[in-house]
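Written below as structure tokens is the structure these notes are about.
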Amino acid sequence: MVKLIDWRALRGANYYSYRPVIVLQVDLQDYDEVFTDKIEGFTDALLELVPSLEEHRCSEDVRGGLIHRMREGTLLGHVIEHLALELQFIAGMEVGFGKTIDSDAPGVYQVIFSYWVEEAGATAGERAIAIVNAILQGRSDSIDLEGIIRELEDIGADHYLGPSTAAIVEEAEHRGITVIRLDDYNLVQLGEGKYQCRIEASITSRTGMIGVETAGNKKLTKHMLGDAGIPVPKGTVVRRLESAVEDAEWLGYPVVVKPHDGHHGKGVTTGINDEADLREAFVRAQEVSDKVIVEKFYVGNDYRILVVDGRFVAAAMREPAAVIGDGEHTIQELIDSENRNPRRGYGHEKVMTRLSTSPVTQYLLERAGFTLKTLLPAGEVFRLELTANLSTGGSAVDVTATVHKANRFMAERIASIIGLDIAGIDVIAPTLEQPVKKVGGAVIEVNAAPGLRMHLEPAVGQRRNVAQPIVEMLFPRGAPHDIGIIAVTGTNGKTTTVRLTAHIMKTAGYSVGMTTTDGIYVRDHLIAEGDMSGPYSAQVVLRDPLVDCAVLETARGGILRAGLGYKTADVGVVLNVQPDHLGLQNIRDVSELAKVKAVVAEAVREGGTTVLNADDAACVDMAEFCRERVIFFSLRSSNPVVLEHVDRGHTAVVCEQDYIAILENDHFIPVARVVDVPLTLEGRAVFNIQNALAATAAAYAHGVSADEIRRGLTSFLPSPLQTPGRLNLKRIAGVDYLLDYGHNPHAYRALLELVKQLGERRRIIVFDVVGDRRDEDYEEICGLVGPVFDAAFLYEAEDRRGRAPGELMDLQMRYLTAAGLDAAAIEKATDEPEAIRRATASARPGDLVCYMTGRVQGGIEWLHDCEERARAAAEADAAGAGAPGAAAESGA
């Protein structure tokens, strides 16, 4: 049977697709290399169970393409892919992308397919495997396909946005505004960082609490509107039934009874003509609110007028839920028949809500002398509800075009008086084609967070895109909505480049949010510690209202695990692609690793820029697939890639005549002398020259001037404060300590070139190797270390990532001695703190101690402790030298 090993959801652009996908890890077990044409009856059984698979075009790109492939022979992983897509599609989720690829393990495949709702996608994958297994076992009749589809529909319904929220989101996306869902319901962020607005249905960031509270207080609303000359029903607010009876007599029947603090028409009864009905209506209203409104009933149509940002937008006439008799069916049968109307659904999922029966329905039945089993005469209309709310099954007719200008102005005044940016105003009147005052109508209610469905999808009449003025209100044309995003990836140098780029942007006046392997920073404040180079951390920055520029370290692990944490960036930077983490997560060689990094290069906004290393062949190859502007950077202005690129009128950033310079439109723009950039250690740290070139290109692509870039480059120091754990060089008590995070052969090679330039001296290294690398990676690192250092102190991290205790240090010992380092000069420590203590104890003035650690903060604290101890020792020596008798002793 086919076995599901694991699954994951990639929520952003990823290694496989620009769209979100589910990745199933599937073991075909005994069916590995068994093709469908060799499984008797499989294709026919599947087609009988899911006939709509006939529509799948597959790679044949013709109807029936999948079935043709299956009859010719394809693997079951491919079948599961298509089946998972089809189950979602039948359940109303429009998905289409899929692919299946093999893995390192025999019989194990990656089944990849798009999804609309994550949980539904994962469930569809699991059910697809169950269906395949049932057919393989001859148990097709055990599959309840309708039940599976209902399950997926229910999951979708739980996660779909409501119609008002969905319409606003769709309009925002149409405008190119980023949308971030903040919960599983309807709280949504539009835009990023400091430009963001939030919506929940038609409540927005601009909706005032006082306006909402005022609209919710029906008595206050009526009082304020009445004082402003708006026609409102005469009425009272009561707490006791006896008071309600007295006030109804005073007002004169018919009257309306409704809860003081109600919504969606709950507890509202209209057209009450006698005391008996009044008493029942009072009980229903008091179930919703302890205070009850009794007011004069107005005869007319029920209208809703929508006002957005002080302007009339739309109007609809609402009709209560009802059925029309045919003389042959009961009221219940008529309800059931109408509920089969495809335009009706549960809640807000469709244009109209399904009809149901409520206490009000029962009241209306009794008043008419009916029951649900009554045969309704042909043509007779029976109303199931008193109010025309869509949530209770009502329908809407668009009347926007016929609303009199006086009524439009009245509605705009009402929204302003109550203080709502979006207001739904309920009016009872014979018509809106004439002024409400003249036709004897009245404004009966003002609603905050009005539903938009009746205007977006009226049962009758023209659809109105009422989401457009809402988005226009939140983001006027030309106003910013998304912050600048600079995303940086590569095998080495990411953190340093991110920190330097963020510093340049801050120097240029931006409020920067930054993610790194050390943590998340907002305006230089560490808000979350740890490896924060994945998509979750990016989302934290994009949601932060203090940020107007995001600089994001984007590691391969996060891309493979969950996709990008943003949709597209303004600037995507790829520093280099070197062998690292190979063999993990199905990435087997450098070419596949390059495809992972290329996700950042390609996911760039229209008008954005990709920054690529012209000295790295894998980066150069990415340029072919980049749709927007490309800026190359290189250590050599004579690099053929750079020369051709600049000749074609494009931009490059190079190291030329000891300057970091921009080449553009035949102009040589000097930015800063390399020796004036502290990060380069006067030009000796070549890898940091590359990082400075990349940061310069990224900032320039984002519109920062050369002068501002220069200020940033020359004020950024390779220190524990600005580049923690990256080339931190300190002299303590005559010993030079170099703290660095390097952890792969490429990083070691670059760092050791710098070590050689720091002068001939005794060199000591403290380092470990990470447990999930290949043995050949350890051999290469030790082969680089052995010839350069005179002594080595080894340790193992607590997480050996599957290696046995001592195994990694044994490998280091073997490879270091093979590289020429004397075994007597190699010491194994029980843990990292002991290793650095022993190395420090062995160091003498003039030595260089190179401390390689992934525990950056611990390394920085150790450096600080060393400084404190050295300072204390120096102060003690100074105090001793000044003590009585010291001069005589020193002269003896």
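Each chain in the structure tokens gets a letter, A, B and so on, in the order shown; residues start at 1 in every chain, and ligands are counted from 1 in the order they appear.
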For this session: Write out as a list in words the residues lying within 10 Å of A:Ala750, counting only C-alpha atoms and excluding same-chain residues fewer than 4 positions away.
Result: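 Once the nearby chain positions are removed, what remains is Asn492, Ala685, Val686, Phe687, Asn688, Gly742, Pro745, His746, Leu754 and Val755 of chain A.
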Exercise. Using only C-alpha atoms, which residues sit within 9 Å of stretch 460-476 of chain A once same-chain residues fewer than 3 positions away are excluded, as JSON, numbers by chain?
Worked result: {"A": [164, 165, 167, 168, 169, 170, 171, 172, 175, 190, 191, 195, 197, 202, 204, 205, 206, 306, 308, 309, 313, 314, 395, 396, 397, 398, 399, 400, 421, 422, 452, 454, 455, 456, 457, 479, 480, 481]}
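Summary of the local environment: counting only C-alpha atoms, residues at most 9 Å from stretch 270-278 of chain A, other than itself and those fewer than 2 positions away along its chain, are Leu241, Ala244, Val245, Ala248, Glu249, Gly252, Tyr253, Pro254, Val255, Val256, Val257, Lys258, Val268, Glu280, Ala281, Phe282, Val283, Phe297, Tyr298, Val299, Tyr363, Leu386 and Thr387 of chain A.
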Problem set entry | strand (DSSP E) residues, from DSSP on the backbone, in stretch 325-465 of chain A, as a list in words | Arg344, Gly345, Met352, Thr353, Val381, Phe382, Arg383, Ser395, Ala396, Val397, Asp398, Ile422, Ala423, Gly424, Ile425, Asp426, Val427, Ile428, Ala429, Ala442, Val443, Ile444, Glu445, Val446, Asn447 and Ala448 of chain A
Problem set entry | All residues 8 Å or closer to stretch 853-862 of chain A, only C-alpha atoms, same chain fewer than 6 positions away omitted, as JSON, numbers by chain | {"A": [518, 720, 724, 725, 739, 740, 741, 742, 743, 767, 768]}
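If only C-alpha atoms are the atoms counted, then among A:Thr515, A:Thr489, A:Asn407, A:Ser114 the closest residue to A:Pro231 is A:Asn407.
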Problem set entry | Shell of 8 Å around A:Cys619, only C-alpha atoms, local chain residues under 2 positions omitted, as a PyMOL selection string | chain A and resi 574-577+594+612-614+616-617+621-623
Exercise. Suppose you want the space between atom CA of A:Met70 and atom CA of A:Thr36; what is it in Å?
Worked result: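 A separation of 5.6 Å between them.
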Problem set entry | DSSP helix (DSSP H, G or I) residues within stretch 426-634 of chain A, listed as a VMD selection string | chain A and resid 436 to 439 453 to 456 467 to 474 494 to 507 535 to 543 556 to 562 590 to 602 617 to 625
For this session: Pick out the residues sitting within 9 Å of A:Gln812, and hand them over as a ChimeraX atom specification; count only C-alpha atoms, and ignore anything fewer than 5 positions along from it in its own chain.
Result: /A:768-769,778-779,781-782,794,807,817
Exercise. So which residues touch stretch 82-90 of chain A within 9 Å, counting only C-alpha atoms, skipping near sequence neighbours fewer than 3 positions away, as number ranges by chain?
Worked result: A: 50, 52-53, 56, 58, 66, 77-79, 93-99, 113-116, 120-129, 131-132, 145, 148-149, 152-153
Selection export as a compact mmCIF listing (two decimals), in the first residue's frame, atoms kept: N, CA, C and O atoms:
```txt
# COMPACT_ATOMS: atom_id res chain seq x y z
N VAL A 50 -14.39 8.66 -9.59
CA VAL A 50 -14.24 10.12 -9.78
C VAL A 50 -14.28 10.41 -11.29
O VAL A 50 -13.23 10.63 -11.91
N SER A 52 -14.95 12.93 -13.04
CA SER A 52 -14.46 14.24 -13.51
C SER A 52 -12.96 14.25 -13.77
O SER A 52 -12.45 15.21 -14.36
N LEU A 53 -12.24 13.20 -13.38
CA LEU A 53 -10.81 13.12 -13.72
C LEU A 53 -10.61 13.06 -15.24
O LEU A 53 -9.52 13.34 -15.73
N HIS A 56 -9.06 16.14 -16.79
CA HIS A 56 -7.67 16.53 -16.57
C HIS A 56 -6.85 16.36 -17.85
O HIS A 56 -6.76 15.26 -18.40
N CYS A 58 -3.51 17.05 -18.15
CA CYS A 58 -2.17 16.55 -17.83
C CYS A 58 -1.17 17.08 -18.86
O CYS A 58 -1.40 18.09 -19.50
N LEU A 66 -4.89 12.85 -18.63
CA LEU A 66 -4.46 12.06 -17.47
C LEU A 66 -4.83 10.59 -17.66
O LEU A 66 -4.00 9.70 -17.42
N GLY A 77 2.22 8.05 -7.56
CA GLY A 77 2.42 9.40 -7.03
C GLY A 77 1.78 10.44 -7.93
O GLY A 77 1.16 11.40 -7.46
N HIS A 78 1.90 10.25 -9.24
CA HIS A 78 1.29 11.15 -10.22
C HIS A 78 -0.22 11.11 -10.12
O HIS A 78 -0.92 12.13 -10.21
N VAL A 79 -0.78 9.95 -9.88
CA VAL A 79 -2.23 9.80 -9.73
C VAL A 79 -2.71 10.53 -8.47
O VAL A 79 -3.72 11.24 -8.50
N MET A 93 -12.90 24.65 -4.71
CA MET A 93 -11.64 25.38 -4.59
C MET A 93 -10.88 25.28 -5.92
O MET A 93 -10.51 24.18 -6.34
N GLU A 94 -10.69 26.40 -6.56
CA GLU A 94 -10.07 26.40 -7.89
C GLU A 94 -8.55 26.27 -7.76
O GLU A 94 -7.86 27.23 -7.44
N VAL A 95 -8.06 25.08 -8.02
CA VAL A 95 -6.63 24.79 -7.98
C VAL A 95 -6.26 24.06 -9.25
O VAL A 95 -7.12 23.45 -9.89
N GLY A 96 -4.98 24.09 -9.61
CA GLY A 96 -4.62 23.43 -10.86
C GLY A 96 -3.19 22.98 -10.99
O GLY A 96 -2.89 22.07 -11.75
N PHE A 97 -2.28 23.58 -10.22
CA PHE A 97 -0.86 23.25 -10.40
C PHE A 97 -0.48 22.00 -9.62
O PHE A 97 -0.89 21.82 -8.47
N GLY A 98 0.32 21.15 -10.24
CA GLY A 98 0.81 19.98 -9.54
C GLY A 98 2.02 19.39 -10.24
O GLY A 98 2.23 19.58 -11.44
N LYS A 99 2.84 18.68 -9.50
CA LYS A 99 3.98 17.95 -10.06
C LYS A 99 4.41 16.89 -9.06
O LYS A 99 4.16 17.01 -7.85
N PHE A 113 1.15 19.87 -4.98
CA PHE A 113 -0.05 20.39 -5.63
C PHE A 113 -0.50 21.65 -4.91
O PHE A 113 -0.25 21.84 -3.73
N SER A 114 -1.16 22.52 -5.66
CA SER A 114 -1.60 23.80 -5.11
C SER A 114 -2.82 23.62 -4.22
O SER A 114 -3.52 22.61 -4.30
N TYR A 115 -3.06 24.60 -3.39
CA TYR A 115 -4.21 24.55 -2.49
C TYR A 115 -4.79 25.94 -2.33
O TYR A 115 -4.13 26.95 -2.60
N TRP A 116 -6.05 25.98 -1.92
CA TRP A 116 -6.73 27.25 -1.64
C TRP A 116 -6.81 27.48 -0.14
O TRP A 116 -6.55 28.56 0.36
N ALA A 120 -7.59 22.13 3.96
CA ALA A 120 -8.31 21.38 2.93
C ALA A 120 -7.34 20.71 1.96
O ALA A 120 -7.56 19.56 1.54
N GLY A 121 -6.25 21.41 1.61
CA GLY A 121 -5.26 20.82 0.72
C GLY A 121 -4.62 19.59 1.33
O GLY A 121 -4.47 18.54 0.67
N ALA A 122 -4.23 19.70 2.60
CA ALA A 122 -3.60 18.56 3.28
C ALA A 122 -4.59 17.40 3.39
O ALA A 122 -4.22 16.23 3.17
N THR A 123 -5.84 17.71 3.72
CA THR A 123 -6.86 16.66 3.83
C THR A 123 -7.11 16.00 2.48
O THR A 123 -7.25 14.78 2.39
N ALA A 124 -7.15 16.80 1.42
CA ALA A 124 -7.34 16.24 0.08
C ALA A 124 -6.21 15.27 -0.27
O ALA A 124 -6.45 14.22 -0.88
N GLY A 125 -4.98 15.62 0.12
CA GLY A 125 -3.86 14.71 -0.12
C GLY A 125 -4.01 13.40 0.62
O GLY A 125 -3.78 12.31 0.07
N GLU A 126 -4.42 13.48 1.88
CA GLU A 126 -4.61 12.26 2.67
C GLU A 126 -5.74 11.41 2.11
O GLU A 126 -5.63 10.18 2.02
N ARG A 127 -6.85 12.06 1.70
CA ARG A 127 -7.97 11.31 1.16
C ARG A 127 -7.61 10.71 -0.20
O ARG A 127 -8.09 9.62 -0.55
N ALA A 128 -6.80 11.40 -0.98
CA ALA A 128 -6.37 10.86 -2.27
C ALA A 128 -5.59 9.57 -2.08
O ALA A 128 -5.79 8.59 -2.82
N ILE A 129 -4.72 9.54 -1.09
CA ILE A 129 -3.95 8.32 -0.80
C ILE A 129 -4.90 7.21 -0.34
O ILE A 129 -4.76 6.05 -0.75
N ILE A 131 -8.03 6.80 -1.16
CA ILE A 131 -8.78 6.32 -2.32
C ILE A 131 -7.92 5.36 -3.14
O ILE A 131 -8.38 4.29 -3.57
N VAL A 132 -6.67 5.75 -3.39
CA VAL A 132 -5.76 4.89 -4.17
C VAL A 132 -5.59 3.55 -3.46
O VAL A 132 -5.66 2.48 -4.09
N LEU A 145 -17.31 9.19 -1.50
CA LEU A 145 -16.80 10.39 -2.15
C LEU A 145 -17.59 11.63 -1.75
O LEU A 145 -17.01 12.69 -1.51
N ILE A 148 -16.40 12.80 1.53
CA ILE A 148 -15.09 13.47 1.43
C ILE A 148 -15.28 14.91 0.94
O ILE A 148 -14.67 15.85 1.47
N ILE A 149 -16.11 15.07 -0.09
CA ILE A 149 -16.34 16.42 -0.63
C ILE A 149 -17.00 17.31 0.40
O ILE A 149 -16.62 18.48 0.58
N LEU A 152 -14.38 18.45 2.84
CA LEU A 152 -13.54 19.51 2.29
C LEU A 152 -14.31 20.83 2.21
O LEU A 152 -13.75 21.90 2.47
N GLU A 153 -15.60 20.74 1.85
CA GLU A 153 -16.41 21.97 1.80
C GLU A 153 -16.54 22.59 3.19
O GLU A 153 -16.46 23.82 3.33
```
Counting only C-alpha atoms, give me one row per residue of stretch 635-735 of chain A with an atom at most 12 Å from an atom of stretch 544-565 of chain A, showing the shortest contact pair and its distance in Å to one decimal, sorted by chain then residue number, as a tab-separated table.
```
residue	atom	partner	partner_atom	distance
A:Ala695	CA	A:Val551	CA	10.6
A:Ala698	CA	A:Val551	CA	9.9
A:Ala699	CA	A:Val551	CA	10.3
A:His702	CA	A:Cys549	CA	9.9
```
File of the preceding selection, all heavy atoms, as a JSON list (two decimals), in the first residue's frame:
```json
[["chain", "number", "residue", "atom", "x", "y", "z"],
["A", 695, "ALA", "N", 25.65, 45.17, -0.62],
["A", 695, "ALA", "CA", 24.84, 46.12, 0.14],
["A", 695, "ALA", "C", 24.71, 47.44, -0.60],
["A", 695, "ALA", "O", 23.63, 48.06, -0.61],
["A", 695, "ALA", "CB", 25.45, 46.34, 1.52],
["A", 698, "ALA", "N", 22.21, 46.91, -3.39],
["A", 698, "ALA", "CA", 20.83, 46.80, -2.87],
["A", 698, "ALA", "C", 20.29, 48.18, -2.49],
["A", 698, "ALA", "O", 19.15, 48.52, -2.83],
["A", 698, "ALA", "CB", 20.81, 45.86, -1.67],
["A", 699, "ALA", "N", 21.08, 48.96, -1.77],
["A", 699, "ALA", "CA", 20.63, 50.29, -1.35],
["A", 699, "ALA", "C", 20.43, 51.20, -2.56],
["A", 699, "ALA", "O", 19.45, 51.95, -2.63],
["A", 699, "ALA", "CB", 21.64, 50.89, -0.38],
["A", 702, "HIS", "N", 17.34, 50.58, -4.33],
["A", 702, "HIS", "CA", 16.17, 51.06, -3.59],
["A", 702, "HIS", "C", 16.07, 52.58, -3.61],
["A", 702, "HIS", "O", 15.17, 53.16, -3.02],
["A", 702, "HIS", "CB", 16.23, 50.58, -2.14],
["A", 702, "HIS", "CG", 14.91, 50.57, -1.45],
["A", 702, "HIS", "ND1", 14.41, 51.66, -0.78],
["A", 702, "HIS", "CD2", 13.95, 49.61, -1.35],
["A", 702, "HIS", "CE1", 13.22, 51.37, -0.29],
["A", 702, "HIS", "NE2", 12.92, 50.14, -0.62]]
```
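The space between atom CA of A:Ile22 and atom CA of A:Asn133 spans 20.0 Å.
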For this session: Take atom CA of A:Lys373 and atom CA of A:Asn341 and report the distance between them in Å, one decimal.
Result: 20.9 Å
For this session: Between A:Glu875, A:Glu753, A:Asp61, A:Asp32, single out the one closest to A:Ala105, counting only C-alpha atoms.
Result: A:Asp32
